[in-house]
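Undergrad: This is the content of start.cif (mmCIF, C-alpha atoms and all ligand atoms):
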data_data
loop_
_atom_site.label_atom_id
_atom_site.label_comp_id
_atom_site.auth_asym_id
_atom_site.auth_seq_id
_atom_site.Cartn_x
_atom_site.Cartn_y
_atom_site.Cartn_z
CA MET A 107 136.38 49.01 -40.00
CA ALA A 108 139.84 47.61 -40.73
CA ASP A 109 139.66 48.97 -44.32
CA GLU A 110 138.94 52.50 -43.11
CA PRO A 111 141.91 54.87 -43.19
CA ARG A 112 143.27 56.02 -39.85
CA TRP A 113 142.09 59.63 -40.30
CA ARG A 114 138.51 58.34 -40.47
CA GLU A 115 138.70 57.43 -36.82
CA ASP A 116 139.88 60.91 -35.90
CA PHE A 117 137.36 62.70 -38.13
CA PRO A 118 134.25 60.52 -38.26
CA ILE A 119 132.25 62.86 -40.46
CA ASP A 120 129.64 61.43 -42.76
CA TRP A 121 130.06 63.71 -45.79
CA PRO A 122 126.85 62.84 -47.65
CA GLU A 123 124.85 63.38 -44.46
CA ASP A 124 126.75 66.58 -43.74
CA GLN A 125 125.95 67.98 -47.23
CA PHE A 126 122.32 67.02 -46.85
CA VAL A 127 122.08 69.05 -43.65
CA ALA A 128 123.90 71.96 -45.28
CA ARG A 129 121.50 71.93 -48.22
CA ARG A 130 118.56 71.90 -45.85
CA ASP A 131 120.03 74.81 -43.91
CA PHE A 132 120.63 76.68 -47.15
CA ALA A 133 117.03 76.10 -48.26
CA LYS A 134 115.82 77.28 -44.85
CA PHE A 135 117.97 80.38 -45.15
CA MET A 136 116.61 81.12 -48.64
CA VAL A 137 113.00 80.69 -47.51
CA LEU A 138 113.53 82.98 -44.51
CA THR A 139 115.31 85.57 -46.64
CA SER A 140 112.52 85.51 -49.23
CA LEU A 141 109.98 85.84 -46.45
CA ALA A 142 111.86 88.84 -45.08
CA PHE A 143 111.78 90.46 -48.54
CA VAL A 144 108.05 89.82 -48.87
CA VAL A 145 107.39 91.32 -45.41
CA GLY A 146 109.57 94.32 -46.34
CA GLN A 147 107.64 94.89 -49.58
CA LEU A 148 104.31 94.62 -47.76
CA TRP A 149 105.55 97.12 -45.17
CA ILE A 150 106.55 99.59 -47.91
CA ALA A 151 103.18 99.12 -49.65
CA ALA A 152 101.33 99.68 -46.36
CA GLN A 153 103.37 102.83 -45.68
CA SER A 154 102.53 104.11 -49.14
CA VAL A 155 98.80 103.54 -48.63
CA VAL A 156 98.87 105.23 -45.21
CA ARG A 157 100.76 108.21 -46.66
CA LYS A 158 98.23 108.59 -49.50
CA ARG A 159 95.31 108.46 -47.08
CA ARG A 160 96.90 111.09 -44.89
CA GLY A 161 96.35 113.62 -47.66
CA PRO A 162 98.63 116.46 -48.70
CA PRO A 163 101.41 117.53 -46.33
CA PRO A 164 100.58 120.47 -44.10
CA GLU A 165 101.54 124.05 -44.84
CA VAL A 166 104.12 125.04 -42.24
CA LYS A 167 105.94 128.30 -41.60
CA VAL A 168 109.64 127.50 -41.78
CA ALA A 169 111.39 130.87 -41.73
CA SER A 170 111.20 134.62 -41.88
CA LEU A 171 112.97 136.42 -44.70
CA ARG A 172 114.57 138.81 -42.22
CA ASP A 173 116.39 135.81 -40.65
CA LEU A 174 117.63 134.70 -44.03
CA PRO A 175 120.04 137.15 -45.68
CA ILE A 176 120.92 136.64 -49.36
CA GLY A 177 123.46 133.84 -49.73
CA SER A 178 122.50 132.16 -46.47
CA ALA A 179 120.84 128.88 -45.60
CA LEU A 180 118.97 127.39 -42.70
CA THR A 181 117.65 123.97 -41.85
CA PHE A 182 114.15 122.97 -40.86
CA ASP A 183 112.11 119.78 -40.49
CA TYR A 184 109.39 119.04 -43.05
CA PRO A 185 106.91 117.39 -43.50
CA ALA A 186 107.53 115.33 -40.32
CA GLU A 187 109.62 116.11 -37.27
CA HIS A 188 112.76 114.23 -38.35
CA ASP A 189 112.69 115.03 -42.09
CA ALA A 190 115.58 117.47 -42.28
CA CYS A 191 115.44 120.04 -45.07
CA VAL A 192 117.60 122.97 -46.08
CA LEU A 193 116.28 126.37 -47.20
CA ILE A 194 118.59 128.58 -49.23
CA ARG A 195 118.17 132.20 -50.28
CA THR A 196 120.11 132.41 -53.52
CA ARG A 197 118.98 135.94 -54.48
CA ASP A 198 116.78 138.66 -53.07
CA ASP A 199 113.74 137.15 -54.79
CA GLU A 200 114.78 133.52 -55.03
CA LEU A 201 114.47 130.76 -52.44
CA VAL A 202 115.02 127.05 -52.90
CA ALA A 203 114.52 124.23 -50.42
CA TYR A 204 115.37 120.54 -50.56
CA SER A 205 115.32 117.50 -48.38
CA GLN A 206 118.72 117.37 -46.74
CA LYS A 207 118.93 113.58 -47.14
CA CYS A 208 121.30 112.55 -49.92
CA THR A 209 119.59 110.17 -52.36
CA HIS A 210 122.58 107.81 -52.20
CA LEU A 211 122.80 106.68 -48.56
CA SER A 212 120.97 109.49 -46.73
CA CYS A 213 123.89 111.57 -45.44
CA ALA A 214 123.10 115.24 -44.89
CA VAL A 215 123.91 117.45 -47.88
CA VAL A 216 125.57 120.81 -47.28
CA PRO A 217 125.00 123.87 -49.47
CA GLU A 218 128.10 125.42 -51.04
CA LEU A 219 126.64 128.63 -52.36
CA ASP A 220 129.86 129.95 -53.92
CA LYS A 221 130.06 126.81 -56.12
CA GLY A 222 126.32 126.63 -56.80
CA VAL A 223 126.01 123.11 -55.45
CA LEU A 224 124.82 121.02 -52.54
CA ARG A 225 127.61 118.66 -51.56
CA CYS A 226 127.29 115.33 -49.81
CA PRO A 227 130.51 114.85 -47.85
CA CYS A 228 130.07 111.09 -47.39
CA HIS A 229 130.97 110.03 -50.95
CA GLU A 230 131.45 113.37 -52.69
CA GLY A 231 128.02 113.51 -54.28
CA TYR A 232 126.94 116.84 -55.79
CA PHE A 233 123.54 118.33 -56.57
CA ASP A 234 122.74 121.48 -58.52
CA LEU A 235 121.75 124.24 -56.12
CA LYS A 236 119.04 125.71 -58.39
CA THR A 237 117.36 122.45 -59.41
CA GLY A 238 118.42 119.77 -56.92
CA VAL A 239 119.48 117.53 -59.79
CA ASN A 240 122.27 115.05 -59.06
CA ILE A 241 125.23 116.21 -61.14
CA GLN A 242 128.22 114.25 -59.85
CA GLY A 243 129.12 111.25 -57.73
CA PRO A 244 127.03 108.27 -56.65
CA PRO A 245 123.59 109.85 -55.87
CA PRO A 246 121.10 108.17 -58.24
CA ARG A 247 118.26 110.70 -58.07
CA PRO A 248 117.65 114.43 -57.58
CA LEU A 249 116.96 115.71 -54.08
CA PRO A 250 113.25 115.95 -53.21
CA LYS A 251 112.32 119.60 -53.63
CA ILE A 252 110.25 121.40 -51.01
CA ARG A 253 107.53 123.63 -52.45
CA LEU A 254 107.57 127.09 -50.90
CA ARG A 255 105.17 130.00 -50.60
CA VAL A 256 106.16 133.42 -49.38
CA VAL A 257 103.56 135.57 -47.67
CA GLY A 258 104.94 138.94 -46.65
CA ASP A 259 108.00 138.13 -44.62
CA ASP A 260 107.07 134.54 -43.87
CA VAL A 261 108.22 131.48 -45.79
CA PHE A 262 105.92 128.46 -45.78
CA ALA A 263 106.67 124.90 -46.89
CA THR A 264 103.64 123.60 -48.76
CA GLY A 265 104.64 120.21 -50.14
CA VAL A 266 107.35 117.90 -51.42
CA ASP A 267 108.17 117.18 -55.07
CA LEU A 268 109.86 113.81 -55.27
CA THR A 269 111.09 114.29 -58.84
CA THR A 270 112.75 117.54 -59.72
CA LYS A 271 112.01 118.63 -63.26
CA VAL A 272 114.76 120.36 -65.14
CA GLY A 273 114.07 123.34 -67.37
S1 LIG B 1 125.50 109.32 -49.08
FE1 LIG B 1 125.67 111.04 -50.34
S2 LIG B 1 127.03 110.45 -51.85
FE2 LIG B 1 126.85 108.70 -50.63
#
Let me see whether you can do it: turn the structure in this file into structure tokens.
TA:
Amino acid sequence: MADEPRWREDFPIDWPEDQFVARRDFAKFMVLTSLAFVVGQLWIAAQSVVRKRRGPPPEVKVASLRDLPIGSALTFDYPAEHDACVLIRTRDDELVAYSQKCTHLSCAVVPELDKGVLRCPCHEGYFDLKTGVNIQGPPPRPLPKIRLRVVGDDVFATGVDLTTKVG
């Protein structure tokens, strides 16, 4: 004890033992994190299976053409209650609809008809209004496109295309 420096008395920490505990804690953290990833992947896989078994999304009336003048847009939920989408009438005979969730971090995109784009105000992401393709900023993928069918004056959503084809 007499050979020990004075600071040892004030800070009696056993460094090798302390590192051993830290390593064990780190290993525990890594195991728990890996387990969380595995559970997350299983959850995603289960969701995918459930969605496939549910069959095609329903056909839902989302608007009337008389409520949608040329150059206007309206929002609706499809296919589920909280899946916000935007329907845009670009010309007399042309309608487009997309999921309103930006493919970057899910902010709501806003149509800017005069510029021909859908803009995400969160990080200045831009999508082409006619195709939904990501054209500028951080969004990594096109917006999911909502398939539409017009019967008389009524506009129906009939499905969701997750990849927008160009051309
Ligand atoms: S959330 Fe849309 S660009 Fe980031």
Undergrad: With distances taken over only C-alpha atoms and all ligand atoms, which residue among A:Arg225, A:Arg112, A:Lys158, A:Arg195 lies nearest ligand LIG 1 (chain B)?
TA: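 Checking each of A:Arg225, A:Arg112, A:Lys158, A:Arg195 against ligand LIG 1 (chain B), counting only C-alpha atoms and all ligand atoms, the winner is A:Arg225.
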Undergrad: Excluding same-chain residues fewer than 5 positions from A:Leu180, what lies within 7 Å of it counting only C-alpha atoms, as a PyMOL selection string?
TA: chain A and resi 192-194
Undergrad: Can you pull out every residue with an atom within 6 Å of ligand LIG 1 (chain B)? Use only C-alpha atoms and all ligand atoms and format it as a PyMOL selection string.
TA: chain A and resi 208+210-213+226+228-231+244-245
Undergrad: What box, with edges along x, y and z, holds each listed atom of stretch 111-118 of chain A when 4 Å is added on every side, and can you state its centre and edge lengths in Å to one decimal, as lines of an AutoDock Vina configuration file?
TA:
center_x = 138.8
center_y = 58.8
center_z = -39.5
size_x = 17.0
size_y = 15.8
size_z = 15.3
Undergrad: Excluding A:Tyr184 and residues on its chain fewer than 2 positions from it, collect all residues at most 12 Å away from it, counting only C-alpha atoms, and give them as a VMD selection string.
TA: chain A and resid 163 to 168 181 to 182 186 to 193 203 to 207 250 to 254 262 to 266
Undergrad: Please compute the atom CA of A:Lys221-atom CA of A:Val256 distance, one decimal, in Å.
TA: 25.7 Å
Undergrad: Got a sec to check which residues sit within 7 Å of (122.9, 120.0, -52.9), counting only C-alpha atoms, and write them as a PDB file with C-alpha atoms, keeping the file's coordinate frame?
TA:
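Done, and the output landed in point-v9.pdb:
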ATOM      1  CA  VAL A 215     123.910 117.450 -47.880  1.00  0.00           C
ATOM      2  CA  VAL A 216     125.570 120.810 -47.280  1.00  0.00           C
ATOM      3  CA  PRO A 217     125.000 123.870 -49.470  1.00  0.00           C
ATOM      4  CA  VAL A 223     126.010 123.110 -55.450  1.00  0.00           C
ATOM      5  CA  LEU A 224     124.820 121.020 -52.540  1.00  0.00           C
ATOM      6  CA  ARG A 225     127.610 118.660 -51.560  1.00  0.00           C
ATOM      7  CA  TYR A 232     126.940 116.840 -55.790  1.00  0.00           C
ATOM      8  CA  PHE A 233     123.540 118.330 -56.570  1.00  0.00           C
ATOM      9  CA  ASP A 234     122.740 121.480 -58.520  1.00  0.00           C
ATOM     10  CA  LEU A 235     121.750 124.240 -56.120  1.00  0.00           C
ATOM     11  CA  GLY A 238     118.420 119.770 -56.920  1.00  0.00           C
TER      12      GLY A 238
END
Undergrad: Grab the atom CA of A:Leu219 to atom CA of A:Gly177 distance for me, in Å with one decimal place.
TA: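 Separating atom CA of A:Leu219 from atom CA of A:Gly177 is a distance of 6.6 Å.
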